[in-house]
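The next block is run-v5.pdb, given as PDB, C-alpha atoms.
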ATOM      1  CA  MET A 179       1.402  11.477 -19.588  1.00  0.00           C
ATOM      2  CA  THR A 180       4.189   9.610 -17.825  1.00  0.00           C
ATOM      3  CA  LEU A 181       4.098   9.431 -14.061  1.00  0.00           C
ATOM      4  CA  LYS A 182       7.202   8.891 -11.943  1.00  0.00           C
ATOM      5  CA  LEU A 183       6.953   6.947  -8.723  1.00  0.00           C
ATOM      6  CA  PHE A 184       9.658   7.235  -6.086  1.00  0.00           C
ATOM      7  CA  LEU A 185       9.791   4.019  -4.095  1.00  0.00           C
ATOM      8  CA  LYS A 186      11.694   1.703  -1.827  1.00  0.00           C
ATOM      9  CA  PRO A 187      11.257  -1.976  -2.726  1.00  0.00           C
ATOM     10  CA  GLY A 188       8.782  -3.670  -0.405  1.00  0.00           C
ATOM     11  CA  ALA A 189       7.848  -0.479   1.425  1.00  0.00           C
ATOM     12  CA  CYS A 190       4.392   1.119   1.370  1.00  0.00           C
ATOM     13  CA  SER A 191       5.243   2.494  -2.086  1.00  0.00           C
ATOM     14  CA  LEU A 192       4.460  -1.002  -3.402  1.00  0.00           C
ATOM     15  CA  SER A 193       0.779  -0.033  -3.089  1.00  0.00           C
ATOM     16  CA  PRO A 194       0.828   2.741  -5.766  1.00  0.00           C
ATOM     17  CA  HIS A 195       3.209   0.587  -7.821  1.00  0.00           C
ATOM     18  CA  ILE A 196       0.503  -2.086  -7.933  1.00  0.00           C
ATOM     19  CA  ALA A 197      -2.090   0.555  -8.826  1.00  0.00           C
ATOM     20  CA  LEU A 198       0.030   1.771 -11.731  1.00  0.00           C
ATOM     21  CA  GLU A 199       0.408  -1.771 -13.040  1.00  0.00           C
ATOM     22  CA  GLU A 200      -3.328  -2.379 -12.692  1.00  0.00           C
ATOM     23  CA  THR A 201      -4.218   0.726 -14.701  1.00  0.00           C
ATOM     24  CA  GLY A 202      -1.675   0.264 -17.475  1.00  0.00           C
ATOM     25  CA  LEU A 203      -0.799   3.967 -17.307  1.00  0.00           C
ATOM     26  CA  PRO A 204       2.697   4.862 -18.572  1.00  0.00           C
ATOM     27  CA  TYR A 205       5.064   5.345 -15.671  1.00  0.00           C
ATOM     28  CA  GLU A 206       8.623   5.031 -14.499  1.00  0.00           C
ATOM     29  CA  THR A 207      10.098   4.405 -11.082  1.00  0.00           C
ATOM     30  CA  GLU A 208      13.153   5.492  -9.165  1.00  0.00           C
ATOM     31  CA  SER A 209      14.261   3.861  -5.951  1.00  0.00           C
ATOM     32  CA  VAL A 210      15.273   5.852  -2.900  1.00  0.00           C
ATOM     33  CA  ASP A 211      17.809   5.056  -0.205  1.00  0.00           C
ATOM     34  CA  LEU A 212      15.726   6.249   2.725  1.00  0.00           C
ATOM     35  CA  ALA A 213      18.617   6.060   5.184  1.00  0.00           C
ATOM     36  CA  LYS A 214      20.770   8.382   3.104  1.00  0.00           C
ATOM     37  CA  LYS A 215      17.866  10.272   1.447  1.00  0.00           C
ATOM     38  CA  VAL A 216      19.479   9.753  -1.963  1.00  0.00           C
ATOM     39  CA  THR A 217      17.753   8.633  -5.153  1.00  0.00           C
ATOM     40  CA  ALA A 218      19.134   5.933  -7.439  1.00  0.00           C
ATOM     41  CA  SER A 219      20.295   8.666  -9.838  1.00  0.00           C
ATOM     42  CA  GLY A 220      22.225  10.376  -7.039  1.00  0.00           C
ATOM     43  CA  GLY A 221      19.818  13.195  -6.260  1.00  0.00           C
ATOM     44  CA  ASN A 222      19.029  14.583  -2.831  1.00  0.00           C
ATOM     45  CA  TYR A 223      15.601  13.148  -2.115  1.00  0.00           C
ATOM     46  CA  PHE A 224      14.729  16.041   0.195  1.00  0.00           C
ATOM     47  CA  ASP A 225      14.921  18.292  -2.881  1.00  0.00           C
ATOM     48  CA  ILE A 226      12.148  16.189  -4.423  1.00  0.00           C
ATOM     49  CA  ASN A 227      10.057  15.384  -1.354  1.00  0.00           C
ATOM     50  CA  PRO A 228      10.756  17.475   1.756  1.00  0.00           C
ATOM     51  CA  LYS A 229       8.982  14.833   3.859  1.00  0.00           C
ATOM     52  CA  GLY A 230      11.828  12.451   3.094  1.00  0.00           C
ATOM     53  CA  TYR A 231       9.807   9.255   2.782  1.00  0.00           C
ATOM     54  CA  VAL A 232       8.062   7.249   0.082  1.00  0.00           C
ATOM     55  CA  PRO A 233       5.864   7.061  -1.874  1.00  0.00           C
ATOM     56  CA  ALA A 234       5.947  10.235  -3.913  1.00  0.00           C
ATOM     57  CA  LEU A 235       4.443  10.616  -7.370  1.00  0.00           C
ATOM     58  CA  LEU A 236       5.809  13.202  -9.797  1.00  0.00           C
ATOM     59  CA  LEU A 237       3.251  14.408 -12.346  1.00  0.00           C
ATOM     60  CA  ASP A 238       3.911  15.697 -15.855  1.00  0.00           C
ATOM     61  CA  SER A 239       3.046  19.175 -14.599  1.00  0.00           C
ATOM     62  CA  GLY A 240       5.983  19.034 -12.199  1.00  0.00           C
ATOM     63  CA  GLU A 241       3.650  18.815  -9.214  1.00  0.00           C
ATOM     64  CA  LEU A 242       4.395  16.204  -6.562  1.00  0.00           C
ATOM     65  CA  LEU A 243       1.806  14.094  -4.790  1.00  0.00           C
ATOM     66  CA  THR A 244       2.659  12.464  -1.458  1.00  0.00           C
ATOM     67  CA  GLU A 245       0.851  10.132   0.964  1.00  0.00           C
ATOM     68  CA  GLY A 246      -0.119   6.714  -0.344  1.00  0.00           C
ATOM     69  CA  PRO A 247      -3.924   6.929   0.028  1.00  0.00           C
ATOM     70  CA  ALA A 248      -3.997  10.193  -1.955  1.00  0.00           C
ATOM     71  CA  ILE A 249      -1.615   8.862  -4.607  1.00  0.00           C
ATOM     72  CA  VAL A 250      -3.536   5.652  -5.273  1.00  0.00           C
ATOM     73  CA  GLN A 251      -6.826   7.529  -5.629  1.00  0.00           C
ATOM     74  CA  TYR A 252      -5.198   9.907  -8.100  1.00  0.00           C
ATOM     75  CA  ILE A 253      -3.879   6.960 -10.120  1.00  0.00           C
ATOM     76  CA  ALA A 254      -7.278   5.265 -10.100  1.00  0.00           C
ATOM     77  CA  ASP A 255      -9.001   8.447 -11.267  1.00  0.00           C
ATOM     78  CA  GLN A 256      -6.656   8.728 -14.269  1.00  0.00           C
ATOM     79  CA  ALA A 257      -7.910   5.369 -15.527  1.00  0.00           C
ATOM     80  CA  PRO A 258     -11.584   5.055 -14.529  1.00  0.00           C
ATOM     81  CA  ALA A 259     -12.076   2.062 -16.828  1.00  0.00           C
ATOM     82  CA  SER A 260      -9.809   0.067 -14.501  1.00  0.00           C
ATOM     83  CA  GLN A 261     -12.469   0.423 -11.779  1.00  0.00           C
ATOM     84  CA  LEU A 262      -9.844   0.666  -9.048  1.00  0.00           C
ATOM     85  CA  ALA A 263     -11.913   3.276  -7.202  1.00  0.00           C
ATOM     86  CA  PRO A 264     -15.639   4.057  -7.182  1.00  0.00           C
ATOM     87  CA  ALA A 265     -16.734   7.377  -8.646  1.00  0.00           C
ATOM     88  CA  ASN A 266     -16.117  10.498  -6.572  1.00  0.00           C
ATOM     89  CA  GLY A 267     -19.127  11.602  -4.577  1.00  0.00           C
ATOM     90  CA  THR A 268     -20.623   8.118  -4.226  1.00  0.00           C
ATOM     91  CA  ILE A 269     -21.054   6.338  -0.911  1.00  0.00           C
ATOM     92  CA  GLU A 270     -18.838   3.583  -2.288  1.00  0.00           C
ATOM     93  CA  ARG A 271     -15.991   6.104  -2.704  1.00  0.00           C
ATOM     94  CA  TYR A 272     -16.296   7.070   0.942  1.00  0.00           C
ATOM     95  CA  ARG A 273     -16.194   3.397   1.901  1.00  0.00           C
ATOM     96  CA  LEU A 274     -12.963   3.099  -0.090  1.00  0.00           C
ATOM     97  CA  GLN A 275     -11.543   6.089   1.771  1.00  0.00           C
ATOM     98  CA  GLY A 276     -12.628   4.513   5.037  1.00  0.00           C
ATOM     99  CA  TRP A 277     -10.644   1.379   4.244  1.00  0.00           C
ATOM    100  CA  LEU A 278      -7.601   3.367   3.109  1.00  0.00           C
ATOM    101  CA  ASN A 279      -7.648   5.271   6.393  1.00  0.00           C
ATOM    102  CA  TYR A 280      -8.164   2.108   8.421  1.00  0.00           C
ATOM    103  CA  ILE A 281      -5.210   0.398   6.756  1.00  0.00           C
ATOM    104  CA  GLY A 282      -3.039   3.480   7.151  1.00  0.00           C
ATOM    105  CA  THR A 283      -3.810   4.350  10.763  1.00  0.00           C
ATOM    106  CA  GLU A 284      -4.630   0.981  12.337  1.00  0.00           C
ATOM    107  CA  LEU A 285      -2.467  -1.519  10.423  1.00  0.00           C
ATOM    108  CA  HIS A 286       0.379   0.330   8.682  1.00  0.00           C
ATOM    109  CA  LYS A 287       1.094   2.544  11.690  1.00  0.00           C
ATOM    110  CA  SER A 288       1.031  -0.392  14.098  1.00  0.00           C
ATOM    111  CA  CYS A 289       3.782  -2.063  12.081  1.00  0.00           C
ATOM    112  CA  SER A 290       6.047   0.954  12.567  1.00  0.00           C
ATOM    113  CA  ALA A 291       6.899  -0.175  16.089  1.00  0.00           C
ATOM    114  CA  PHE A 292       8.593  -3.279  14.731  1.00  0.00           C
ATOM    115  CA  PHE A 293      10.736  -1.425  12.203  1.00  0.00           C
ATOM    116  CA  ASN A 294      11.893   1.276  14.626  1.00  0.00           C
ATOM    117  CA  PRO A 295      15.101   0.258  16.446  1.00  0.00           C
ATOM    118  CA  MET A 296      14.166   2.661  19.245  1.00  0.00           C
ATOM    119  CA  SER A 297      10.918   0.815  20.047  1.00  0.00           C
ATOM    120  CA  ARG A 298      10.574  -0.541  23.559  1.00  0.00           C
ATOM    121  CA  ASP A 299       9.082  -3.967  24.227  1.00  0.00           C
ATOM    122  CA  ASP A 300       5.922  -2.458  25.729  1.00  0.00           C
ATOM    123  CA  TRP A 301       5.371  -0.402  22.567  1.00  0.00           C
ATOM    124  CA  LYS A 302       5.723  -3.528  20.444  1.00  0.00           C
ATOM    125  CA  ALA A 303       3.348  -5.450  22.704  1.00  0.00           C
ATOM    126  CA  ALA A 304       0.713  -2.733  22.391  1.00  0.00           C
ATOM    127  CA  ALA A 305       1.168  -2.652  18.611  1.00  0.00           C
ATOM    128  CA  ARG A 306       0.832  -6.434  18.403  1.00  0.00           C
ATOM    129  CA  ALA A 307      -2.387  -6.375  20.434  1.00  0.00           C
ATOM    130  CA  ASN A 308      -3.765  -3.673  18.170  1.00  0.00           C
ATOM    131  CA  LEU A 309      -2.894  -5.696  15.059  1.00  0.00           C
ATOM    132  CA  GLU A 310      -4.633  -8.748  16.497  1.00  0.00           C
ATOM    133  CA  ARG A 311      -7.869  -6.816  17.023  1.00  0.00           C
ATOM    134  CA  ARG A 312      -7.773  -4.900  13.749  1.00  0.00           C
ATOM    135  CA  LEU A 313      -6.899  -7.922  11.617  1.00  0.00           C
ATOM    136  CA  ARG A 314      -9.727  -9.872  13.227  1.00  0.00           C
ATOM    137  CA  HIS A 315     -12.101  -7.227  11.884  1.00  0.00           C
ATOM    138  CA  VAL A 316     -10.596  -7.584   8.395  1.00  0.00           C
ATOM    139  CA  ASP A 317     -10.766 -11.373   8.555  1.00  0.00           C
ATOM    140  CA  ASP A 318     -14.418 -11.265   9.613  1.00  0.00           C
ATOM    141  CA  HIS A 319     -15.215  -8.825   6.805  1.00  0.00           C
ATOM    142  CA  LEU A 320     -13.560 -11.047   4.203  1.00  0.00           C
ATOM    143  CA  GLY A 321     -15.304 -14.082   5.659  1.00  0.00           C
ATOM    144  CA  ALA A 322     -18.704 -12.446   5.130  1.00  0.00           C
ATOM    145  CA  GLY A 323     -18.679 -13.189   1.414  1.00  0.00           C
ATOM    146  CA  ASN A 324     -16.329 -10.380   0.356  1.00  0.00           C
ATOM    147  CA  ALA A 325     -13.635 -11.428  -2.117  1.00  0.00           C
ATOM    148  CA  TYR A 326     -12.080  -7.971  -1.729  1.00  0.00           C
ATOM    149  CA  LEU A 327     -12.516  -5.090   0.694  1.00  0.00           C
ATOM    150  CA  LEU A 328     -15.274  -3.456  -1.352  1.00  0.00           C
ATOM    151  CA  GLY A 329     -16.933  -6.709  -2.317  1.00  0.00           C
ATOM    152  CA  GLU A 330     -16.314  -8.513  -5.590  1.00  0.00           C
ATOM    153  CA  GLY A 331     -14.091  -5.914  -7.250  1.00  0.00           C
ATOM    154  CA  PHE A 332     -10.391  -5.285  -6.592  1.00  0.00           C
ATOM    155  CA  SER A 333      -9.643  -1.682  -5.573  1.00  0.00           C
ATOM    156  CA  VAL A 334      -6.629   0.405  -4.603  1.00  0.00           C
ATOM    157  CA  ALA A 335      -7.437  -0.384  -0.966  1.00  0.00           C
ATOM    158  CA  ASP A 336      -6.650  -4.030  -1.688  1.00  0.00           C
ATOM    159  CA  GLY A 337      -3.252  -3.138  -3.102  1.00  0.00           C
ATOM    160  CA  TYR A 338      -2.518  -1.219   0.102  1.00  0.00           C
ATOM    161  CA  LEU A 339      -3.740  -4.004   2.388  1.00  0.00           C
ATOM    162  CA  PHE A 340      -1.734  -6.591   0.427  1.00  0.00           C
ATOM    163  CA  THR A 341       1.374  -4.449   0.870  1.00  0.00           C
ATOM    164  CA  VAL A 342       0.941  -4.137   4.639  1.00  0.00           C
ATOM    165  CA  LEU A 343       0.110  -7.825   5.056  1.00  0.00           C
ATOM    166  CA  ARG A 344       3.425  -8.697   3.406  1.00  0.00           C
ATOM    167  CA  TRP A 345       5.145  -7.206   6.465  1.00  0.00           C
ATOM    168  CA  MET A 346       3.533  -9.641   8.903  1.00  0.00           C
ATOM    169  CA  ALA A 347       6.066 -12.438   8.401  1.00  0.00           C
ATOM    170  CA  PRO A 348       9.128 -10.158   8.784  1.00  0.00           C
ATOM    171  CA  ILE A 349       7.789  -8.745  12.069  1.00  0.00           C
ATOM    172  CA  GLY A 350       6.961 -12.232  13.356  1.00  0.00           C
ATOM    173  CA  PHE A 351       3.180 -11.868  13.273  1.00  0.00           C
ATOM    174  CA  ASP A 352       1.445 -15.173  12.533  1.00  0.00           C
ATOM    175  CA  LEU A 353      -1.513 -14.962  10.142  1.00  0.00           C
ATOM    176  CA  ALA A 354      -2.559 -18.582  10.739  1.00  0.00           C
ATOM    177  CA  PRO A 355      -5.489 -17.507  12.989  1.00  0.00           C
ATOM    178  CA  TYR A 356      -6.852 -15.468  10.076  1.00  0.00           C
ATOM    179  CA  PRO A 357      -7.738 -17.964   7.315  1.00  0.00           C
ATOM    180  CA  ASN A 358      -9.795 -15.492   5.300  1.00  0.00           C
ATOM    181  CA  ILE A 359      -6.868 -13.073   5.211  1.00  0.00           C
ATOM    182  CA  GLN A 360      -4.521 -15.853   4.142  1.00  0.00           C
ATOM    183  CA  ALA A 361      -6.815 -16.815   1.257  1.00  0.00           C
ATOM    184  CA  TYR A 362      -7.214 -13.150   0.342  1.00  0.00           C
ATOM    185  CA  GLN A 363      -3.470 -12.548   0.336  1.00  0.00           C
ATOM    186  CA  ALA A 364      -2.967 -15.493  -2.031  1.00  0.00           C
ATOM    187  CA  ARG A 365      -5.794 -14.252  -4.262  1.00  0.00           C
ATOM    188  CA  VAL A 366      -4.403 -10.731  -4.514  1.00  0.00           C
ATOM    189  CA  GLY A 367      -0.852 -11.990  -4.899  1.00  0.00           C
ATOM    190  CA  ALA A 368      -1.838 -14.059  -7.928  1.00  0.00           C
ATOM    191  CA  ARG A 369      -3.046 -11.017  -9.905  1.00  0.00           C
ATOM    192  CA  PRO A 370      -0.790 -10.371 -12.922  1.00  0.00           C
ATOM    193  CA  ALA A 371      -0.370  -6.685 -12.078  1.00  0.00           C
ATOM    194  CA  VAL A 372       0.641  -7.518  -8.514  1.00  0.00           C
ATOM    195  CA  GLN A 373       3.131 -10.082  -9.770  1.00  0.00           C
ATOM    196  CA  ALA A 374       4.551  -7.514 -12.209  1.00  0.00           C
ATOM    197  CA  ALA A 375       5.044  -4.931  -9.454  1.00  0.00           C
ATOM    198  CA  LEU A 376       6.667  -7.492  -7.162  1.00  0.00           C
ATOM    199  CA  LYS A 377       8.985  -8.637  -9.933  1.00  0.00           C
ATOM    200  CA  ALA A 378       9.947  -5.069 -10.786  1.00  0.00           C
ATOM    201  CA  GLU A 379      10.924  -4.467  -7.147  1.00  0.00           C
ATOM    202  CA  GLY A 380      12.889  -7.706  -6.935  1.00  0.00           C
ATOM    203  CA  LEU A 381      10.375  -9.251  -4.543  1.00  0.00           C
ATOM    204  CA  ALA A 382       8.873 -12.060  -6.638  1.00  0.00           C
TER     205      ALA A 382
END
Write-out of the structure in structure tokens:
Amino acid sequence: MTLKLFLKPGACSLSPHIALEETGLPYETESVDLAKKVTASGGNYFDINPKGYVPALLLDSGELLTEGPAIVQYIADQAPASQLAPANGTIERYRLQGWLNYIGTELHKSCSAFFNPMSRDDWKAAARANLERRLRHVDDHLGAGNAYLLGEGFSVADGYLFTVLRWMAPIGFDLAPYPNIQAYQARVGARPAVQAALKAEGLA
């Protein structure tokens, strides 16, 4: 089995890229010019993913998976020994899904205002206020003796959170008031698989 991940360096597709490196599954990547909707090999990206954004994961069967939280759980389930996701049906799996949804809807989506040239200042101010509240919750959680979001073990939710936290500096959001997040970001960033994914995307 060889999986193919369509990505844009530094975008949310870094999250499944990290997951693939963590599992050791065979995979390949292809970058996408999201402005032109063209893949590195010259293909029309809409022909691959009608949604037009990344990430997208092409399976050996020819099926395509989209949406980061679904993709990273699929990757984790292909390599259960990696322990990147608790077993399906357990309360711990639902906690993982809760964190993936929280990151996606409360953190990732709030950052969109800063990357959209059409955003008004009031939209950005509301997004910044939301980030302040939501990151305080994350910082408190990490400060309660949790090395990672699910406790002591790294999961695909951590790869997603790490990816979103990397956007804070570019959007001008200061993480200094969140010391537990800063320590967490350094801890996750030091993982060999994370370093490998960053290097592969030209980000290390």
Which residues, named as in the file, does the PyMOL selection byres ((chain A and resi 188) around 9) pick out? Answer as a PyMOL selection string. chain A and resi 185-187+189-192+341+344-345+376+379-381
Have a look at atom CA of Ala347 of chain A and atom CA of Leu320 of chain A and let me know their distance in Å, one decimal.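 Computing the Euclidean distance for atom CA of Ala347 of chain A and atom CA of Leu320 of chain A yields 20.1 Å.
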Ground truth for the PyMOL selection byres ((chain A and resi 325) around 12), written as JSON, numbers by chain: {"A": [316, 317, 318, 319, 320, 321, 322, 323, 324, 326, 327, 328, 329, 330, 331, 332, 333, 336, 358, 359, 360, 361, 362, 363, 364, 365, 366]}
Exactly which residues make up the result of the PyMOL selection byres ((chain A and resi 251) around 10) on this file, given as a ChimeraX atom specification? /A:194,197,246-250,252-256,262-264,266,271,274-275,278,333-335
Quick check, in Å to one decimal: how far apart do atom CA of Cys289 of chain A and atom CA of Glu310 of chain A lie?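 Interatomic distance here is 11.6 Å.
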Which residues are close to segment 225-230 of chain A, i.e. within 7 Å by all atoms listed in the file, leaving aside same-chain residues fewer than 2 positions away? Reply as a ChimeraX atom specification. /A:215,222-223
Can you tell me how far atom CA of Ala354 of chain A sits from atom CA of Glu199 of chain A, in Å to one decimal?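 Answer for the atom CA of Ala354 of chain A to atom CA of Glu199 of chain A separation: 29.3 Å.
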